[in-house]
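Participant: Here you go, one structure.
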Amino acid sequence: MVSPAIQHILKECETRLSGVDSPRLSAEVLVGYVLGCSRLSLVIDREREVTGEELVEIYALVERRVAGEPVAYILGEKEFYGLDFHVTSDVLIPRPETEHIVEEVESLYPKDTCFSYVDLGTGSGILAVTIASLFPKAECVAIDLSSAALAVAEGNAIQHGVEKRIRFCQADFTQDILGEDVFDLIVSNPPYVTQAEFDEASHEVTEFEPTMALVSGIDGLDHVRKMLPGMLVALKSGGLFFMEIGCGQGESVKKIMLDLFPQFGRVRVLKDLAGHDRIVTAQKL
């Protein structure tokens, strides 16, 4: 029996994946992963025959994708700011919008700057690890409530050689746990999804990504209200704060900060590439 060629397997997998987002892309990524080749190579080598063992592995991955499991969890990795991160269902899948926080940090600090920072709700560690990779003299505390998430983050720190400059701490970052005048910088991608948004979200999100890392009450701002007092205490005078928010939450977050925490100055809302509210920045006066 003649083994099927790559082009035929891709077509078959695309058909099987017709019920998920971007079926062709999913097929190419999964087939390329099993065959150990790039998407370009799939086109160049489209007549290459696929072995029986490879077929079994491809079909197993495709069925997981058919069930709605995100590709990042199937492969166990996701790229963020040019670095590869290990991910599991214990952590959120890194998203490009969060890269805006790193861009802001890069725009303000020279690469040889010594500074201390804390990453609140570190998840897979994308912010803690990426910033440590970019700033070799910076030191970090990475906090998360989930021990499983911290294990993933610590593994990513080791993978990128920054584990000696990041201390991992299991704690509730909405509590007053950070100390006084400790950090030059605070970064965070806290839960900010409203319950209504979560109820209407794709099952790829609701059934696979950790709910506790996504939902924050009726208006999505419960964590923000709870975390700001401790953050204000923990920041040094002149210290900076960068936090990801949901689209449309900018004015609400600014109002909370300006009305209840006047010690924060230079409060700004930055837009993402789609023009949506995405990052709140502030400085402790």
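Following the order of the structure tokens, chains are lettered A, B, ..., residues in each are numbered from 1, and ligands are numbered from 1.
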Might you pull out every residue within 10 Å of A:Asp112, with only C-alpha atoms counted and same-chain residues fewer than 6 positions away left off, and present them as a tab-separated table (two decimals) with N, CA and C atoms, in the first residue's frame?

Facilitator:
```tsv
chain	number	residue	atom	x	y	z
A	134	LEU	N	15.95	40.42	28.81
A	134	LEU	CA	16.32	41.67	28.14
A	134	LEU	C	17.22	42.56	29.01
A	135	PHE	N	17.08	42.42	30.33
A	135	PHE	CA	17.82	43.29	31.26
A	135	PHE	C	18.64	42.42	32.21
A	136	PRO	N	19.88	42.15	31.88
A	136	PRO	CA	20.69	41.18	32.64
A	136	PRO	C	21.03	41.59	34.06
A	137	LYS	N	20.76	42.85	34.44
A	137	LYS	CA	21.03	43.28	35.82
A	137	LYS	C	19.75	43.44	36.64
A	138	ALA	N	18.61	43.13	36.05
A	138	ALA	CA	17.33	43.27	36.74
A	138	ALA	C	17.05	42.01	37.58
```

Participant: Extract, using only C-alpha atoms, all DNA, RNA and protein residues at most 6 Å from stretch 250-267 of chain A, discarding same-chain residues fewer than 2 positions from it, and format them as a list in words.

Facilitator: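 Here the qualifying residues turn out to be Gly248, Val269, Asp277, Thr281, Ala282, Gln283, Lys284 and Leu285 of chain A.
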
Participant: Would you output that residue set with all heavy atoms, as a JSON list (two decimals), in the first residue's frame?

Facilitator:
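Wrote it out as out02.json, contents follow:
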```json
[["chain", "number", "residue", "atom", "x", "y", "z"],
["A", 248, "GLY", "N", -11.84, 48.54, 26.28],
["A", 248, "GLY", "CA", -12.96, 49.29, 26.81],
["A", 248, "GLY", "C", -12.91, 49.54, 28.31],
["A", 248, "GLY", "O", -13.80, 50.21, 28.86],
["A", 269, "VAL", "N", -3.59, 55.39, 29.37],
["A", 269, "VAL", "CA", -4.13, 54.17, 28.77],
["A", 269, "VAL", "C", -3.55, 54.05, 27.37],
["A", 269, "VAL", "O", -3.72, 54.94, 26.54],
["A", 269, "VAL", "CB", -5.67, 54.19, 28.70],
["A", 269, "VAL", "CG1", -6.19, 52.95, 27.99],
["A", 269, "VAL", "CG2", -6.26, 54.29, 30.10],
["A", 277, "ASP", "N", -8.21, 49.71, 24.07],
["A", 277, "ASP", "CA", -7.53, 49.88, 25.35],
["A", 277, "ASP", "C", -6.80, 48.58, 25.69],
["A", 277, "ASP", "O", -7.37, 47.50, 25.61],
["A", 277, "ASP", "CB", -8.54, 50.16, 26.47],
["A", 277, "ASP", "CG", -9.26, 51.49, 26.30],
["A", 277, "ASP", "OD1", -8.85, 52.29, 25.46],
["A", 277, "ASP", "OD2", -10.26, 51.71, 27.02],
["A", 281, "THR", "N", -0.65, 52.52, 32.36],
["A", 281, "THR", "CA", 0.65, 52.82, 32.95],
["A", 281, "THR", "C", 0.46, 53.94, 33.97],
["A", 281, "THR", "O", -0.42, 54.79, 33.84],
["A", 281, "THR", "CB", 1.67, 53.28, 31.89],
["A", 281, "THR", "OG1", 1.38, 54.62, 31.50],
["A", 281, "THR", "CG2", 1.62, 52.38, 30.67],
["A", 282, "ALA", "N", 1.31, 53.90, 35.00],
["A", 282, "ALA", "CA", 1.24, 54.93, 36.03],
["A", 282, "ALA", "C", 2.58, 55.02, 36.75],
["A", 282, "ALA", "O", 3.41, 54.12, 36.63],
["A", 282, "ALA", "CB", 0.12, 54.63, 37.03],
["A", 283, "GLN", "N", 2.75, 56.09, 37.51],
["A", 283, "GLN", "CA", 3.97, 56.28, 38.29],
["A", 283, "GLN", "C", 3.58, 56.71, 39.71],
["A", 283, "GLN", "O", 2.67, 57.53, 39.90],
["A", 283, "GLN", "CB", 4.86, 57.34, 37.66],
["A", 283, "GLN", "CG", 6.19, 57.54, 38.38],
["A", 283, "GLN", "CD", 7.08, 58.52, 37.64],
["A", 283, "GLN", "OE1", 6.62, 59.52, 37.07],
["A", 283, "GLN", "NE2", 8.37, 58.26, 37.62],
["A", 284, "LYS", "N", 4.26, 56.15, 40.69],
["A", 284, "LYS", "CA", 4.03, 56.57, 42.06],
["A", 284, "LYS", "C", 4.69, 57.92, 42.32],
["A", 284, "LYS", "O", 5.89, 58.07, 42.08],
["A", 284, "LYS", "CB", 4.58, 55.53, 43.04],
["A", 284, "LYS", "CG", 4.32, 55.88, 44.50],
["A", 284, "LYS", "CD", 4.82, 54.79, 45.43],
["A", 284, "LYS", "CE", 4.64, 55.17, 46.88],
["A", 284, "LYS", "NZ", 5.08, 54.10, 47.82],
["A", 285, "LEU", "N", 3.93, 58.86, 42.76],
["A", 285, "LEU", "CA", 4.43, 60.22, 42.97],
["A", 285, "LEU", "C", 5.30, 60.30, 44.23],
["A", 285, "LEU", "O", 5.18, 59.47, 45.14],
["A", 285, "LEU", "CB", 3.26, 61.19, 43.07],
["A", 285, "LEU", "CG", 2.36, 61.27, 41.84],
["A", 285, "LEU", "CD1", 1.18, 62.18, 42.11],
["A", 285, "LEU", "CD2", 3.15, 61.75, 40.64]]
```

Participant: Identify, with DSSP run on backbone atoms, the residues in stretch 98-146 of chain A assigned to helix (DSSP H, G or I), and express the list as a list in words.

Facilitator: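 Answer for stretch 98-146 of chain A, restricted to helix (DSSP H, G or I): Thr98, Glu99, His100, Ile101, Val102, Glu103, Glu104, Val105, Glu106, Ser107, Leu108, Ile126, Leu127, Ala128, Val129, Thr130, Ile131, Ala132, Ser133 and Leu134 of chain A.
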
Participant: I need the residues from that last selection saved to file as a CSV table (one decimal), in the first residue's frame (with C-alpha atoms), if you can.

Facilitator:
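Result saved to result-v5.csv:
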```
chain,number,residue,atom,x,y,z
A,98,THR,CA,0.8,41.4,26.4
A,99,GLU,CA,4.0,42.2,24.5
A,100,HIS,CA,3.1,45.9,24.7
A,101,ILE,CA,4.1,45.8,28.4
A,102,VAL,CA,7.6,44.6,27.4
A,103,GLU,CA,7.8,47.2,24.7
A,104,GLU,CA,7.0,49.9,27.3
A,105,VAL,CA,9.6,48.6,29.7
A,106,GLU,CA,12.2,48.5,26.9
A,107,SER,CA,11.4,52.1,25.9
A,108,LEU,CA,12.1,53.4,29.4
A,126,ILE,CA,6.3,35.4,30.1
A,127,LEU,CA,6.7,38.9,31.6
A,128,ALA,CA,9.1,37.9,34.4
A,129,VAL,CA,11.3,35.8,32.1
A,130,THR,CA,11.3,38.1,29.1
A,131,ILE,CA,12.2,41.2,31.0
A,132,ALA,CA,14.9,39.3,32.9
A,133,SER,CA,16.3,38.1,29.5
A,134,LEU,CA,16.3,41.7,28.1
```

Participant: Mind pulling up the distance from atom CA of A:Ala72 to atom CA of A:Val141?

Facilitator: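 Distance reported for this atom pair: 25.9 Å.
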
Participant: Pick out the residues sitting within 12 Å of A:Lys11, and hand them over as number ranges by chain; count only C-alpha atoms, and ignore anything fewer than 2 positions along from it in its own chain.

Facilitator: A: 4-9, 13-18, 23-28, 31, 42, 46

Participant: Could those selected residues go to a file with N, CA, C and O atoms, as a short mmCIF file (atom, residue, chain, number, x, y, z; two decimals), in the first residue's frame?

Facilitator:
```cif
data_model
loop_
_atom_site.label_atom_id
_atom_site.label_comp_id
_atom_site.auth_asym_id
_atom_site.auth_seq_id
_atom_site.Cartn_x
_atom_site.Cartn_y
_atom_site.Cartn_z
N PRO A 4 0.39 7.89 1.92
CA PRO A 4 -0.10 9.16 1.39
C PRO A 4 0.98 10.23 1.45
O PRO A 4 1.86 10.22 2.30
N ALA A 5 0.90 11.17 0.53
CA ALA A 5 1.84 12.28 0.49
C ALA A 5 1.38 13.39 1.43
O ALA A 5 0.21 13.46 1.83
N ILE A 6 2.32 14.28 1.75
CA ILE A 6 2.02 15.39 2.66
C ILE A 6 0.82 16.19 2.19
O ILE A 6 -0.06 16.56 2.99
N GLN A 7 0.74 16.50 0.90
CA GLN A 7 -0.34 17.34 0.41
C GLN A 7 -1.71 16.71 0.63
O GLN A 7 -2.69 17.40 0.94
N HIS A 8 -1.77 15.39 0.54
CA HIS A 8 -3.05 14.70 0.76
C HIS A 8 -3.40 14.67 2.24
O HIS A 8 -4.57 14.82 2.61
N ILE A 9 -2.40 14.49 3.10
CA ILE A 9 -2.64 14.49 4.54
C ILE A 9 -3.11 15.87 5.00
O ILE A 9 -4.03 15.99 5.81
N CYS A 13 -6.60 16.56 6.84
CA CYS A 13 -6.63 17.16 8.17
C CYS A 13 -7.41 18.46 8.19
O CYS A 13 -8.15 18.76 9.13
N GLU A 14 -7.25 19.25 7.13
CA GLU A 14 -8.00 20.50 7.03
C GLU A 14 -9.50 20.24 7.04
O GLU A 14 -10.27 20.95 7.68
N THR A 15 -9.92 19.19 6.34
CA THR A 15 -11.33 18.83 6.31
C THR A 15 -11.81 18.41 7.69
O THR A 15 -12.88 18.82 8.15
N ARG A 16 -11.00 17.60 8.37
CA ARG A 16 -11.36 17.17 9.73
C ARG A 16 -11.48 18.35 10.68
O ARG A 16 -12.25 18.31 11.64
N LEU A 17 -10.69 19.38 10.43
CA LEU A 17 -10.63 20.53 11.34
C LEU A 17 -11.55 21.67 10.91
O LEU A 17 -11.40 22.80 11.39
N SER A 18 -12.48 21.41 10.06
CA SER A 18 -13.34 22.46 9.52
C SER A 18 -14.16 23.17 10.59
O SER A 18 -14.62 24.29 10.37
N PRO A 23 -8.63 26.27 10.15
CA PRO A 23 -8.36 24.84 9.99
C PRO A 23 -7.10 24.53 9.18
O PRO A 23 -6.36 23.60 9.51
N ARG A 24 -6.83 25.31 8.14
CA ARG A 24 -5.64 25.05 7.33
C ARG A 24 -4.37 25.30 8.15
O ARG A 24 -3.42 24.50 8.12
N LEU A 25 -4.36 26.41 8.90
CA LEU A 25 -3.19 26.73 9.71
C LEU A 25 -2.98 25.66 10.77
O LEU A 25 -1.85 25.21 11.00
N SER A 26 -4.04 25.24 11.42
CA SER A 26 -3.92 24.19 12.44
C SER A 26 -3.36 22.91 11.83
O SER A 26 -2.49 22.26 12.41
N ALA A 27 -3.85 22.55 10.64
CA ALA A 27 -3.37 21.34 9.97
C ALA A 27 -1.88 21.46 9.67
O ALA A 27 -1.10 20.52 9.92
N GLU A 28 -1.46 22.59 9.14
CA GLU A 28 -0.05 22.77 8.79
C GLU A 28 0.85 22.73 10.02
O GLU A 28 1.92 22.11 10.00
N VAL A 31 0.85 18.97 11.44
CA VAL A 31 1.57 18.06 10.56
C VAL A 31 3.06 18.40 10.57
O VAL A 31 3.92 17.51 10.65
N LEU A 42 6.57 22.01 4.14
CA LEU A 42 5.40 21.21 3.77
C LEU A 42 4.99 21.46 2.32
O LEU A 42 4.50 20.56 1.64
N ARG A 46 5.82 18.62 -0.67
CA ARG A 46 4.44 18.16 -0.61
C ARG A 46 4.23 16.74 -1.15
O ARG A 46 3.24 16.09 -0.83
#
```

Participant: Between A:Glu244, A:Gly36, A:Asp144, A:Arg225, single out the one closest to A:Arg95, counting only C-alpha atoms.

Facilitator: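 Under the stated criterion, the closest residue is A:Glu244.
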
Participant: List the spatial neighbours of A:Tyr117 as a PDB file with N, CA, C and O atoms, in the first residue's frame - criterion: any atom at most 10 Å away, only C-alpha atoms, same-chain residues fewer than 3 positions off excluded.

Facilitator:
```
ATOM      1  N   LEU A 120       2.986  40.278  38.888  1.00  0.00           N
ATOM      2  CA  LEU A 120       1.820  39.823  39.639  1.00  0.00           C
ATOM      3  C   LEU A 120       0.923  38.964  38.759  1.00  0.00           C
ATOM      4  O   LEU A 120       0.392  39.433  37.758  1.00  0.00           O
ATOM      5  N   ALA A 128       7.941  38.026  33.478  1.00  0.00           N
ATOM      6  CA  ALA A 128       9.106  37.920  34.362  1.00  0.00           C
ATOM      7  C   ALA A 128      10.339  37.456  33.600  1.00  0.00           C
ATOM      8  O   ALA A 128      11.431  38.048  33.714  1.00  0.00           O
ATOM      9  N   ILE A 131      11.509  39.997  30.539  1.00  0.00           N
ATOM     10  CA  ILE A 131      12.180  41.200  31.034  1.00  0.00           C
ATOM     11  C   ILE A 131      13.548  40.846  31.606  1.00  0.00           C
ATOM     12  O   ILE A 131      14.536  41.551  31.365  1.00  0.00           O
ATOM     13  N   ALA A 132      13.640  39.743  32.335  1.00  0.00           N
ATOM     14  CA  ALA A 132      14.941  39.312  32.861  1.00  0.00           C
ATOM     15  C   ALA A 132      15.914  38.991  31.736  1.00  0.00           C
ATOM     16  O   ALA A 132      17.123  39.260  31.847  1.00  0.00           O
ATOM     17  N   ALA A 138      18.611  43.128  36.046  1.00  0.00           N
ATOM     18  CA  ALA A 138      17.332  43.265  36.744  1.00  0.00           C
ATOM     19  C   ALA A 138      17.048  42.015  37.577  1.00  0.00           C
ATOM     20  O   ALA A 138      17.436  40.907  37.216  1.00  0.00           O
ATOM     21  N   GLU A 139      16.350  42.212  38.693  1.00  0.00           N
ATOM     22  CA  GLU A 139      15.956  41.110  39.563  1.00  0.00           C
ATOM     23  C   GLU A 139      14.458  41.169  39.802  1.00  0.00           C
ATOM     24  O   GLU A 139      13.883  42.251  39.941  1.00  0.00           O
ATOM     25  N   CYS A 140      13.841  39.978  39.881  1.00  0.00           N
ATOM     26  CA  CYS A 140      12.379  39.887  39.851  1.00  0.00           C
ATOM     27  C   CYS A 140      11.835  38.986  40.952  1.00  0.00           C
ATOM     28  O   CYS A 140      12.481  38.020  41.362  1.00  0.00           O
ATOM     29  N   VAL A 141      10.631  39.306  41.400  1.00  0.00           N
ATOM     30  CA  VAL A 141       9.805  38.386  42.175  1.00  0.00           C
ATOM     31  C   VAL A 141       8.584  38.085  41.321  1.00  0.00           C
ATOM     32  O   VAL A 141       7.899  39.004  40.865  1.00  0.00           O
ATOM     33  N   ALA A 142       8.326  36.808  41.073  1.00  0.00           N
ATOM     34  CA  ALA A 142       7.201  36.385  40.247  1.00  0.00           C
ATOM     35  C   ALA A 142       6.177  35.698  41.143  1.00  0.00           C
ATOM     36  O   ALA A 142       6.480  34.698  41.792  1.00  0.00           O
ATOM     37  N   ILE A 166      15.245  35.445  39.377  1.00  0.00           N
ATOM     38  CA  ILE A 166      13.797  35.471  39.598  1.00  0.00           C
ATOM     39  C   ILE A 166      13.464  34.607  40.806  1.00  0.00           C
ATOM     40  O   ILE A 166      13.825  33.430  40.852  1.00  0.00           O
ATOM     41  N   VAL A 182       9.638  48.607  47.905  1.00  0.00           N
ATOM     42  CA  VAL A 182      10.511  47.495  47.536  1.00  0.00           C
ATOM     43  C   VAL A 182      10.913  47.519  46.068  1.00  0.00           C
ATOM     44  O   VAL A 182      12.060  47.245  45.715  1.00  0.00           O
ATOM     45  N   PHE A 183       9.974  47.873  45.185  1.00  0.00           N
ATOM     46  CA  PHE A 183      10.172  47.654  43.759  1.00  0.00           C
ATOM     47  C   PHE A 183      10.235  48.955  42.953  1.00  0.00           C
ATOM     48  O   PHE A 183       9.530  49.917  43.233  1.00  0.00           O
ATOM     49  N   ASP A 184      11.085  48.915  41.930  1.00  0.00           N
ATOM     50  CA  ASP A 184      11.155  50.015  40.967  1.00  0.00           C
ATOM     51  C   ASP A 184      10.053  49.902  39.918  1.00  0.00           C
ATOM     52  O   ASP A 184       9.660  50.904  39.315  1.00  0.00           O
ATOM     53  N   LEU A 185       9.581  48.687  39.708  1.00  0.00           N
ATOM     54  CA  LEU A 185       8.642  48.421  38.614  1.00  0.00           C
ATOM     55  C   LEU A 185       7.697  47.293  39.006  1.00  0.00           C
ATOM     56  O   LEU A 185       8.117  46.300  39.610  1.00  0.00           O
ATOM     57  N   ILE A 186       6.433  47.455  38.661  1.00  0.00           N
ATOM     58  CA  ILE A 186       5.444  46.387  38.799  1.00  0.00           C
ATOM     59  C   ILE A 186       4.807  46.152  37.436  1.00  0.00           C
ATOM     60  O   ILE A 186       4.388  47.095  36.765  1.00  0.00           O
ATOM     61  N   VAL A 187       4.760  44.891  37.014  1.00  0.00           N
ATOM     62  CA  VAL A 187       4.066  44.515  35.787  1.00  0.00           C
ATOM     63  C   VAL A 187       3.027  43.460  36.130  1.00  0.00           C
ATOM     64  O   VAL A 187       3.214  42.666  37.054  1.00  0.00           O
ATOM     65  N   LEU A 235       5.615  49.956  45.658  1.00  0.00           N
ATOM     66  CA  LEU A 235       6.431  50.731  44.722  1.00  0.00           C
ATOM     67  C   LEU A 235       7.279  51.766  45.452  1.00  0.00           C
ATOM     68  O   LEU A 235       6.817  52.428  46.385  1.00  0.00           O
ATOM     69  N   GLY A 239       8.453  54.950  41.217  1.00  0.00           N
ATOM     70  CA  GLY A 239       8.344  53.642  40.578  1.00  0.00           C
ATOM     71  C   GLY A 239       7.220  53.579  39.561  1.00  0.00           C
ATOM     72  O   GLY A 239       6.249  54.347  39.620  1.00  0.00           O
ATOM     73  N   LEU A 240       7.354  52.654  38.618  1.00  0.00           N
ATOM     74  CA  LEU A 240       6.423  52.552  37.491  1.00  0.00           C
ATOM     75  C   LEU A 240       5.566  51.294  37.580  1.00  0.00           C
ATOM     76  O   LEU A 240       5.948  50.294  38.193  1.00  0.00           O
ATOM     77  N   PHE A 241       4.434  51.369  36.910  1.00  0.00           N
ATOM     78  CA  PHE A 241       3.447  50.298  36.960  1.00  0.00           C
ATOM     79  C   PHE A 241       2.856  50.119  35.562  1.00  0.00           C
ATOM     80  O   PHE A 241       2.414  51.085  34.939  1.00  0.00           O
TER      81      PHE A 241
END
```

Participant: Rounded to one decimal place, report the atom CA of A:Gly121-atom CA of A:Tyr192 distance in Å.

Facilitator: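 So the two atoms, atom CA of A:Gly121 and atom CA of A:Tyr192, lie 11.8 Å apart.
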
Participant: Can you work out which one of A:Ile279, A:Cys114, A:Ile158, A:Val91 has the shortest atom-to-atom distance to A:Tyr73, counting only C-alpha atoms?

Facilitator: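 Ranking A:Ile279, A:Cys114, A:Ile158, A:Val91 by distance to A:Tyr73, first place goes to A:Val91.
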
Participant: From the set A:Gly179, A:Pro190, A:Gly52, A:Pro96, which residue has the shortest atom-to-atom contact distance to A:Ala274, counting only C-alpha atoms?

Facilitator: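 Residue with the minimum atom-to-atom distance to A:Ala274: A:Pro96.
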
Participant: Pick out each residue of stretch 126-216 of chain A that DSSP on the backbone tags as strand (DSSP E); I need them as a PDB file with C-alpha atoms, in the first residue's frame.

Facilitator:
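The result, written out as out_11.pdb:
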```pdb
ATOM      1  CA  GLU A 139      15.956  41.110  39.563  1.00  0.00           C
ATOM      2  CA  CYS A 140      12.379  39.887  39.851  1.00  0.00           C
ATOM      3  CA  VAL A 141       9.805  38.386  42.175  1.00  0.00           C
ATOM      4  CA  ALA A 142       7.201  36.385  40.247  1.00  0.00           C
ATOM      5  CA  ILE A 143       3.939  35.767  42.119  1.00  0.00           C
ATOM      6  CA  ASP A 144       1.057  33.448  41.343  1.00  0.00           C
ATOM      7  CA  ILE A 166      13.797  35.471  39.598  1.00  0.00           C
ATOM      8  CA  ARG A 167      12.303  34.433  42.930  1.00  0.00           C
ATOM      9  CA  PHE A 168       9.037  32.539  42.576  1.00  0.00           C
ATOM     10  CA  CYS A 169       6.404  33.008  45.253  1.00  0.00           C
ATOM     11  CA  GLN A 170       3.031  31.312  45.688  1.00  0.00           C
ATOM     12  CA  PHE A 183      10.172  47.654  43.759  1.00  0.00           C
ATOM     13  CA  ASP A 184      11.155  50.015  40.967  1.00  0.00           C
ATOM     14  CA  LEU A 185       8.642  48.421  38.614  1.00  0.00           C
ATOM     15  CA  ILE A 186       5.444  46.387  38.799  1.00  0.00           C
ATOM     16  CA  VAL A 187       4.066  44.515  35.787  1.00  0.00           C
ATOM     17  CA  SER A 188       0.889  42.485  35.669  1.00  0.00           C
TER      18      SER A 188
END
```

Participant: What is the distance, in Å and to one decimal place, between atom CA of A:Ser202 and atom CA of A:Asp219?

Facilitator: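 Value for the atom CA of A:Ser202-atom CA of A:Asp219 distance: 19.0 Å.
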
Participant: So which residues touch A:Phe198 within 12 Å, counting only C-alpha atoms, skipping near sequence neighbours fewer than 2 positions away, as a list in words?

Facilitator: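 Surrounding residues, per the criterion: Pro191, Tyr192, Val193, Thr194, Gln195, Ala196, Glu200, Ala201, Ser202, His203, Glu204, Val205, Thr206, Glu207, Glu209, Pro210, Thr211, Met212, Ala213, Leu214, Val215, Ser216, Gly217, Ile218, Asp219 and Gly220 of chain A.
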
Participant: Please identify all polymer residues within 9 Å of A:Leu35, counting only C-alpha atoms, omitting same-chain residues fewer than 4 positions from it, and present them as a count of residues only.

Facilitator: 5

Participant: Out of A:Arg268, A:Phe208, A:Lys111, A:Gln159, which residue has the shortest atom-to-atom distance to A:Arg64 when counting only C-alpha atoms?

Facilitator: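 For A:Arg64, the nearest of the candidates is A:Phe208.
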
Participant: When you count only C-alpha atoms, which of these residues is closest to A:Leu145: A:Glu180, A:Glu57, A:Asp172, A:Glu12?

Facilitator: A:Asp172
